[in-house]
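Below is one structure, written out as structure tokens, with a few remarks after it.
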Protein chains: 2
Amino acid sequence: MSASADQPPARPHRLLVRRSGIDTGDEPVIFMNSRCHVCRAEGLRAHKRVLVSVDGREIVATAHHVEGALVAPDEAALSEAAWRRLAPEPGQAVTVVHPPTLPSLGKVRGKIFGNRLDRAAMRAIIGDVVAGRYSDVHSAAFLSACAARPLDPDEVEALTDAMVAAGERLTWEAPMIADKHCVGGLPGNRTTPIVVAIVAAHGVPIPKTSSRAITSPAGTADVMEVLAPVDLSLAQIRRVVAQEQGCLAWGGAVRLSPADDLLIRIERALDIDGPGQLVASVLSKKIAAGATHVVLDLPIGPTAKIRSDADAAELVRLFEDVAARFGLAVRPVLTDGRQPVGRGIGPALEARDVLAVLQGAPGAPADLRERAVTLAGAILEFVGAVPENGGRAAAASALADGRAWAKFQRICEAQGGMRTPPEAAQSYEVEAPAVGVVASVDNRKLARVAKLAGAPAAAAAGVSLLVRIGEEVAAGQPLFTVHAQTRGELDYARAYLDGAGDIISCEPLR
Amino acid sequence: MSASADQPPARPHRLLVRRSGIDTGDEPVIFMNSRCHVCRAEGLRAHKRVLVSVDGREIVATAHHVEGALVAPDEAALSEAAWRRLAPEPGQAVTVVHPPTLPSLGKVRGKIFGNRLDRAAMRAIIGDVVAGRYSDVHSAAFLSACAARPLDPDEVEALTDAMVAAGERLTWEAPMIADKHCVGGLPGNRTTPIVVAIVAAHGVPIPKTSSRAITSPAGTADVMEVLAPVDLSLAQIRRVVAQEQGCLAWGGAVRLSPADDLLIRIERALDIDGPGQLVASVLSKKIAAGATHVVLDLPIGPTAKIRSDADAAELVRLFEDVAARFGLAVRPVLTDGRQPVGRGIGPALEARDVLAVLQGAPGAPADLRERAVTLAGAILEFVGAVPENGGRAAAASALADGRAWAKFQRICEAQGGMRTPPEAAQSYEVEAPAVGVVASVDNRKLARVAKLAGAPAAAAAGVSLLVRIGEEVAAGQPLFTVHAQTRGELDYARAYLDGAGDIISCEPLR
């Protein structure tokens, strides 16, 4: 086919850009007057996606039309995310045109209808996500499709590869680089800061990058942030690890897997986190961080993310299969996921548990200490730093003699200085209605209470769990405390508690 | 469990409401100053969902924070959709609090992971969609899950029931009410206005409500709107049908299936439309419109929505199965879906084809006329208005003697007056590169060109197809013309054409 009316395409129209001050979250938005000449010339309609460019940089944004004087007809106002990504000078002329079509969306549709996604398709999808070309609706469809049509090992490999390719990558001189990851679903299971301190105290390099919460009330990065800066650059991570063997950084700041950071926000809104997505998310970050040996903490329990030994075995198979394709060794550690670990659920509350264990404080949560010792011991054995079966003793002694606590403080100092966890302004106690024995704890509902109370965004918010399974309680004895920064959030959590049924079930004494 | 600190929940805080003039599409948005006392007291963070209420009316909106003077700290500015739905007085005090949790989202997650959705779950989901409690991300997950984990007949029944229950319903005195529906995927297949005119001219009641385009360049409502008002109320539909036996209204205006109208927008962004969703969408509207006999037009072709006879048979089974559960009779008519019907693709271009057939104009598209006669004949036989095998002749004679054209004009007048279709300002011709015979037409790519050129939002935009399969063409002979309202849209469609490969394939002459 050839063109008959061969006029050159019209020169794209321009608008003077300014910052709107409107925070629309991660999705970039451009506000334009509905009578603006670009809207008319380009036929841009409200709620469409547009390509905005200046000085060779470009973003895809959602166009919102404005009636009235808020935005002049020759102006374009950018949301905060759009302003950050495009980084124009105020008053600079930006070009606004129709965005390119997105062939990778055809791959997402194909996946919805049962096609498999190969490496090229995954790279195209993840590339478009990272470039900001997907709207939230597109990302939601991709994630839902990958959960509903579970990814096979080849697809998980392809997704892992695409996620690594889309980001930065750390490399190290040392032949063995340790790492750990907890699959999650267990509130308060904050072993990472303790494990890193113990392992680094043994001289084993462990450049730990962690994520913020996905569907939980706190991620390790959220907890560490109340103790020290976690927003480290790649150069800072290299320096801290060279000096202290370990670090506890937020992975998102160094774009080790930027696609994951963007998708996590949608996963959180949907509260979904399928196995394929999970494995690719974990492994892409470990590969990008340069790890060679990864210990996986897999808590199993009726209300944990992994509900049975069979589910754990399946997940371990997928982890080991895909990890091997990237030359990564993984060692699974199955742990008890029937109830939360430690007392605190929420960034500051969990940070205080971590400090108590590291400091050997009287009343430090024994279960958290125990689990950190198990995991740190497994790492020390896995990399050959201590003989098999010698890991637990080596880990416990680093805690007992203060080497781990000293190491943790040095890591915090190296990251920019240690901080004191904040305390919440509001609290509310839930008491046992009658005498009895604690029979079970609903992790999911407890996590939901902590989230409704404001965690993780409100660092001091969350829940303190005051009893354990098997413990006798008296009538009126406090079972847990809800903490919130604001009265509105406390009320929100209380309103949920009123209709949530038993979160901690007690059986009568025999 | 009982509460120890039994303070009453804090009184919700209030803000003075105003209209922002910002059109954010269908998703309601509230803009609040980041320093506003409600945000601080409630702990409301940017990009969260909030419940806004006034005078007993309430909406769930996405909260965007604003820095600076755009919104005062004691103010809340509403997007256009939020303003329409909440309908406050300017300056009235609105209450902004955390939204209730959405238990139906748990059902969506269950569906993603393979659970079935029963009637109660579907009613809960659809109820939340219609009440505006779902964000676009939630709706996208629901639709993707229903496409990726195909709905079984019980689930389609449950979804149909929920969609009918969420909207208005028409009832009629007549024992038989005819209706028709084309499953779509075939550009330009605009038989409905012709069929309604023929059937109504035979005195058979056919209160036709149609939707706007989902993934196509024009829906019947988009086409009819260039010929007459389609925004009829229930009372207007009853009056037009009482007077003329038929009408051609937009279903969305009368909320016959308001959930469908909301979900269509997300389906369009994702370009997905699975079989279960399709059957529930069609049947819910027919049931709500009070139809008893529905003829289904099922175009089959390699680039139509239905690709093979086997796919058609499966879809027909699902239609018949679910329709029977609601006491609805359906008759399938399998049609040729290898190429578009008529010449025009896009609202105004298709409307001109419809007028040409009704007026018996020389050069009126014979294929469109033929198909309308087939479908109208099938309806006349199905309801027993003419003997079996007498339908085609009866339908053809109503066209030939002008009864259908007269009826169509009276229907348009009864709906508010006939209109003249607009013409596009810009056009671009695509020519045959060499002499040959037209071998195939890619419906999907042709539809995409029409959409990129601005259809259906720009009524005059679209494509005129100038050749048919089997026709001989000379080198340089125009194959199709692209029409657009603006230069930007024409360029956008041209840019796609440059990389799209052959849309009309020709074979050398033998």
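Ordering of the structure tokens sets the chain letters (A, B, ...); residue numbers start at 1 within each chain; ligands are numbered from 1 in the order shown.
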Nearby residues (only C-alpha atoms) at most 8 Å from stretch 204-210 of chain A, same-chain spacing under 4 positions excluded, as a ChimeraX atom specification: /A:174,176-180,196,199-200,219-221,237,241,245-251,285,289,380,385
Taking 3 positions as the minimum chain separation for residues in the same chain, which residues sit within 8 Å of B:Glu320 when counting only C-alpha atoms? Answer as a PyMOL selection string. chain B and resi 316-317+323-324+329-330
Kindly export the residues of the current selection with C-alpha atoms, as a short mmCIF file (atom, residue, chain, number, x, y, z; two decimals), in the first residue's frame.
```cif
data_model
loop_
_atom_site.label_atom_id
_atom_site.label_comp_id
_atom_site.auth_asym_id
_atom_site.auth_seq_id
_atom_site.Cartn_x
_atom_site.Cartn_y
_atom_site.Cartn_z
CA VAL B 316 -24.46 -20.41 21.26
CA ARG B 317 -24.65 -23.22 23.85
CA ALA B 323 -31.09 -17.50 28.48
CA ALA B 324 -33.37 -20.48 29.21
CA ALA B 329 -35.80 -17.64 23.85
CA VAL B 330 -32.74 -17.03 21.63
#
```
How would you write, as JSON, numbers by chain, the set of residues in stretch 267-343 of chain A that DSSP gives as strand (DSSP E or B)? {"A": [293, 294, 295, 296, 297, 298, 299, 300, 306, 329, 330, 331, 332, 333, 334, 335, 336]}
So which residues of stretch 221-441 of chain A fall under helix (DSSP H, G or I) by DSSP, listed as a PyMOL selection string? chain A and resi 221-225+234-244+251-254+258-270+275-288+309-325+347-359+366-382+391-400+403-414
Who sits within 12 Å of B:Ala459, only C-alpha atoms, same chain under 4 positions skipped, as a VMD selection string: (chain A and resid 43) or (chain B and resid 212 to 213 217 to 219 221 to 227 344 to 352 420 to 425 450 to 451 453 to 455 463 483 to 486)
Convert the current residue selection to file output with N, CA and C atoms, as a compact mmCIF listing (two decimals), in the first residue's frame.
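Resulting contents of result.txt:
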```txt
# COMPACT_ATOMS: atom_id res chain seq x y z
N GLY A 43 -7.04 16.23 18.94
CA GLY A 43 -8.22 15.43 19.26
C GLY A 43 -8.03 14.66 20.56
N ARG B 212 -22.86 1.65 23.66
CA ARG B 212 -21.82 2.33 22.89
C ARG B 212 -20.71 1.32 22.63
N ALA B 213 -19.73 1.71 21.82
CA ALA B 213 -18.65 0.80 21.45
C ALA B 213 -17.93 0.27 22.69
N PRO B 217 -14.92 0.51 16.72
CA PRO B 217 -14.91 1.95 16.41
C PRO B 217 -16.29 2.60 16.54
N ALA B 218 -17.37 1.78 16.68
CA ALA B 218 -18.70 2.37 16.85
C ALA B 218 -19.64 1.32 17.41
N GLY B 219 -20.48 1.70 18.36
CA GLY B 219 -21.58 0.86 18.81
C GLY B 219 -22.84 1.38 18.13
N ALA B 221 -25.45 2.53 19.49
CA ALA B 221 -25.87 3.80 20.11
C ALA B 221 -25.05 4.97 19.56
N ASP B 222 -23.76 4.74 19.28
CA ASP B 222 -22.92 5.80 18.70
C ASP B 222 -23.42 6.17 17.30
N VAL B 223 -23.80 5.15 16.52
CA VAL B 223 -24.27 5.40 15.15
C VAL B 223 -25.62 6.10 15.17
N MET B 224 -26.55 5.58 15.99
CA MET B 224 -27.89 6.18 16.03
C MET B 224 -27.85 7.62 16.51
N GLU B 225 -26.87 7.91 17.39
CA GLU B 225 -26.81 9.26 17.94
C GLU B 225 -26.54 10.32 16.87
N VAL B 226 -25.91 9.95 15.76
CA VAL B 226 -25.71 10.94 14.71
C VAL B 226 -26.98 11.11 13.88
N LEU B 227 -27.99 10.23 14.11
CA LEU B 227 -29.25 10.31 13.34
C LEU B 227 -30.42 10.83 14.17
N GLY B 344 -18.91 2.01 5.45
CA GLY B 344 -18.43 2.88 6.52
C GLY B 344 -18.03 2.11 7.78
N ILE B 345 -17.00 2.62 8.46
CA ILE B 345 -16.60 2.12 9.77
C ILE B 345 -16.39 3.35 10.64
N GLY B 346 -17.28 3.56 11.61
CA GLY B 346 -17.27 4.80 12.40
C GLY B 346 -18.70 5.33 12.42
N PRO B 347 -19.09 6.08 13.48
CA PRO B 347 -20.51 6.43 13.65
C PRO B 347 -21.17 7.08 12.43
N ALA B 348 -20.64 8.19 11.93
CA ALA B 348 -21.34 8.90 10.86
C ALA B 348 -21.25 8.13 9.54
N LEU B 349 -20.12 7.48 9.29
CA LEU B 349 -19.95 6.74 8.04
C LEU B 349 -20.92 5.56 7.99
N GLU B 350 -21.13 4.90 9.13
CA GLU B 350 -22.07 3.77 9.17
C GLU B 350 -23.50 4.27 9.06
N ALA B 351 -23.77 5.43 9.67
CA ALA B 351 -25.12 6.00 9.60
C ALA B 351 -25.49 6.30 8.15
N ARG B 352 -24.52 6.75 7.36
CA ARG B 352 -24.83 7.04 5.95
C ARG B 352 -25.14 5.75 5.18
N THR B 420 -28.64 15.13 10.68
CA THR B 420 -27.81 14.83 9.50
C THR B 420 -26.40 14.45 9.98
N PRO B 421 -25.88 13.32 9.52
CA PRO B 421 -24.54 12.91 9.98
C PRO B 421 -23.46 13.92 9.60
N PRO B 422 -22.49 14.18 10.49
CA PRO B 422 -21.41 15.13 10.19
C PRO B 422 -20.39 14.54 9.21
N GLU B 423 -19.63 15.43 8.56
CA GLU B 423 -18.54 14.96 7.69
C GLU B 423 -17.19 15.33 8.29
N ALA B 424 -16.19 14.48 8.07
CA ALA B 424 -14.86 14.69 8.66
C ALA B 424 -14.09 15.76 7.89
N ALA B 425 -13.22 16.48 8.60
CA ALA B 425 -12.45 17.56 7.99
C ALA B 425 -11.21 17.04 7.26
N ALA B 450 -9.59 2.91 12.40
CA ALA B 450 -10.75 3.78 12.61
C ALA B 450 -10.71 4.38 14.02
N LYS B 451 -10.30 3.57 15.00
CA LYS B 451 -10.23 4.06 16.39
C LYS B 451 -9.11 5.08 16.55
N ALA B 453 -8.06 7.00 14.35
CA ALA B 453 -8.48 8.23 13.66
C ALA B 453 -9.52 9.01 14.48
N GLY B 454 -9.97 8.41 15.61
CA GLY B 454 -10.85 9.17 16.50
C GLY B 454 -12.21 8.57 16.77
N ALA B 455 -12.60 7.52 16.03
CA ALA B 455 -13.90 6.89 16.26
C ALA B 455 -13.84 6.07 17.55
N VAL B 463 -13.25 4.89 8.79
CA VAL B 463 -12.69 4.37 7.55
C VAL B 463 -13.83 4.09 6.57
N HIS B 483 -10.81 8.79 7.64
CA HIS B 483 -11.39 10.10 7.92
C HIS B 483 -11.11 10.49 9.37
N ALA B 484 -10.75 11.76 9.61
CA ALA B 484 -10.51 12.22 10.99
C ALA B 484 -11.01 13.66 11.14
N GLN B 485 -11.34 14.03 12.36
CA GLN B 485 -11.76 15.41 12.62
C GLN B 485 -10.55 16.33 12.72
N THR B 486 -9.42 15.77 13.20
CA THR B 486 -8.25 16.62 13.44
C THR B 486 -7.03 16.04 12.73
```
Excluding stretch 22-33 of chain B and residues on its chain fewer than 6 positions from it, collect all residues at most 6 Å away from it, counting only C-alpha atoms, and give them as a short mmCIF file (atom, residue, chain, number, x, y, z; two decimals) with C-alpha atoms, in the first residue's frame.
```
data_model
loop_
_atom_site.label_atom_id
_atom_site.label_comp_id
_atom_site.auth_asym_id
_atom_site.auth_seq_id
_atom_site.Cartn_x
_atom_site.Cartn_y
_atom_site.Cartn_z
CA HIS A 47 -8.93 10.40 30.43
CA HIS A 64 -7.33 15.21 32.62
CA HIS A 65 -9.25 18.12 31.15
CA VAL A 66 -9.94 21.20 33.23
CA ALA B 61 -13.46 8.70 45.71
CA THR B 62 -9.71 8.61 45.23
CA ALA B 63 -8.03 11.27 47.38
CA HIS B 64 -5.35 13.37 45.71
CA HIS B 65 -3.34 15.71 47.91
CA VAL B 66 -2.53 19.20 46.75
CA VAL B 71 -7.26 24.01 47.41
CA PRO B 73 -6.92 23.62 53.95
CA ALA B 76 -12.40 19.80 49.26
CA ALA B 77 -12.56 20.13 45.47
CA LEU B 78 -14.42 17.42 43.55
CA SER B 79 -13.73 16.09 40.06
CA GLU B 80 -16.60 16.34 37.57
CA ALA B 81 -17.66 12.71 38.08
CA ALA B 82 -17.53 13.07 41.87
#
```
For A:Ser144, work out the shell of residues within 8 Å, counting only C-alpha atoms and skipping chain neighbours fewer than 4 positions away, then give it as a PDB file with C-alpha atoms, in the first residue's frame.
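So selection.pdb came out as:
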```pdb
ATOM      1  CA  ALA A 140      -3.704  -4.683  37.157  1.00  0.00           C
ATOM      2  CA  ALA A 148      -5.146 -16.532  37.384  1.00  0.00           C
ATOM      3  CA  ILE A 272      -2.677 -10.478  45.341  1.00  0.00           C
TER       4      ILE A 272
ATOM      5  CA  ILE B 112      -8.210 -15.101  40.552  1.00  0.00           C
ATOM      6  CA  ALA B 141      -8.753  -7.314  38.292  1.00  0.00           C
ATOM      7  CA  SER B 144      -9.189 -10.053  33.972  1.00  0.00           C
ATOM      8  CA  ALA B 145     -10.032 -12.837  36.428  1.00  0.00           C
TER       9      ALA B 145
END
```
Proximity check stretch 225-342 of chain B to stretch 123-135 of chain A, 12 Å, nearest pairs one decimal Å, only C-alpha atoms, as JSON lines:
```
{"residue": "B:Ile266", "atom": "CA", "partner": "A:Ser135", "partner_atom": "CA", "distance": 11.3}
{"residue": "B:Ala269", "atom": "CA", "partner": "A:Ser135", "partner_atom": "CA", "distance": 9.2}
{"residue": "B:Leu270", "atom": "CA", "partner": "A:Ser135", "partner_atom": "CA", "distance": 10.1}
```
Store the residues picked out above in a file with C-alpha atoms, as a PDB file, in the first residue's frame.
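Wrote part_26.pdb, looks like this:
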```
ATOM      1  CA  ILE B 266     -12.302  -0.770  31.660  1.00  0.00           C
ATOM      2  CA  ALA B 269      -8.892   0.144  28.080  1.00  0.00           C
ATOM      3  CA  LEU B 270      -7.873  -3.512  28.300  1.00  0.00           C
TER       4      LEU B 270
END
```
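Minimum atom-to-atom distances from A:Phe408, A:Phe142, A:Trp172, A:Phe326 to chain B were compared using only C-alpha atoms, and the lowest value belongs to A:Phe142.
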If you count only C-alpha atoms, which residues fall within 7 Å of stretch 354-366 of chain B, apart from same-chain ones fewer than 3 positions away, as an NGL selection string? :B and (194 or 342-343 or 350-351 or 369-370 or 399 or 404-405)
Using N, CA and C atoms, can you write the selected residues to a file as a PDB file, in the first residue's frame?
```pdb
ATOM      1  N   ILE B 194     -31.843  -0.755  10.655  1.00  0.00           N
ATOM      2  CA  ILE B 194     -32.649  -1.251   9.534  1.00  0.00           C
ATOM      3  C   ILE B 194     -33.595  -2.347  10.022  1.00  0.00           C
ATOM      4  N   GLY B 342     -20.953  -3.365   4.651  1.00  0.00           N
ATOM      5  CA  GLY B 342     -21.162  -1.975   4.226  1.00  0.00           C
ATOM      6  C   GLY B 342     -19.828  -1.321   3.927  1.00  0.00           C
ATOM      7  N   ARG B 343     -19.870   0.001   3.758  1.00  0.00           N
ATOM      8  CA  ARG B 343     -18.638   0.713   3.410  1.00  0.00           C
ATOM      9  C   ARG B 343     -18.034   1.438   4.604  1.00  0.00           C
ATOM     10  N   GLU B 350     -21.129   4.896   9.132  1.00  0.00           N
ATOM     11  CA  GLU B 350     -22.068   3.770   9.169  1.00  0.00           C
ATOM     12  C   GLU B 350     -23.504   4.272   9.058  1.00  0.00           C
ATOM     13  N   ALA B 351     -23.770   5.432   9.665  1.00  0.00           N
ATOM     14  CA  ALA B 351     -25.119   6.000   9.602  1.00  0.00           C
ATOM     15  C   ALA B 351     -25.495   6.297   8.147  1.00  0.00           C
ATOM     16  N   ARG B 369     -27.716  -4.499   3.247  1.00  0.00           N
ATOM     17  CA  ARG B 369     -29.139  -4.698   2.994  1.00  0.00           C
ATOM     18  C   ARG B 369     -29.499  -6.183   3.154  1.00  0.00           C
ATOM     19  N   GLU B 370     -28.702  -7.037   2.538  1.00  0.00           N
ATOM     20  CA  GLU B 370     -28.918  -8.477   2.562  1.00  0.00           C
ATOM     21  C   GLU B 370     -28.943  -9.021   4.005  1.00  0.00           C
ATOM     22  N   LEU B 399     -38.706  -3.065   2.937  1.00  0.00           N
ATOM     23  CA  LEU B 399     -37.662  -2.141   2.463  1.00  0.00           C
ATOM     24  C   LEU B 399     -38.032  -1.598   1.084  1.00  0.00           C
ATOM     25  N   ALA B 404     -40.314   0.573   5.687  1.00  0.00           N
ATOM     26  CA  ALA B 404     -39.243   0.587   6.697  1.00  0.00           C
ATOM     27  C   ALA B 404     -38.638   1.996   6.818  1.00  0.00           C
ATOM     28  N   TRP B 405     -38.416   2.653   5.697  1.00  0.00           N
ATOM     29  CA  TRP B 405     -37.850   4.011   5.714  1.00  0.00           C
ATOM     30  C   TRP B 405     -38.824   4.976   6.398  1.00  0.00           C
TER      31      TRP B 405
END
```
What is the atom CA of A:Glu314-atom CA of A:Asn115 distance in Å, reported with one decimal?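 Taking atom CA of A:Glu314 as the start and atom CA of A:Asn115 as the end point, the length is 22.5 Å.
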Can you tell me how far atom CA of A:Pro478 sits from atom CA of A:Ile504, in Å to one decimal?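 A separation of 11.1 Å between them.
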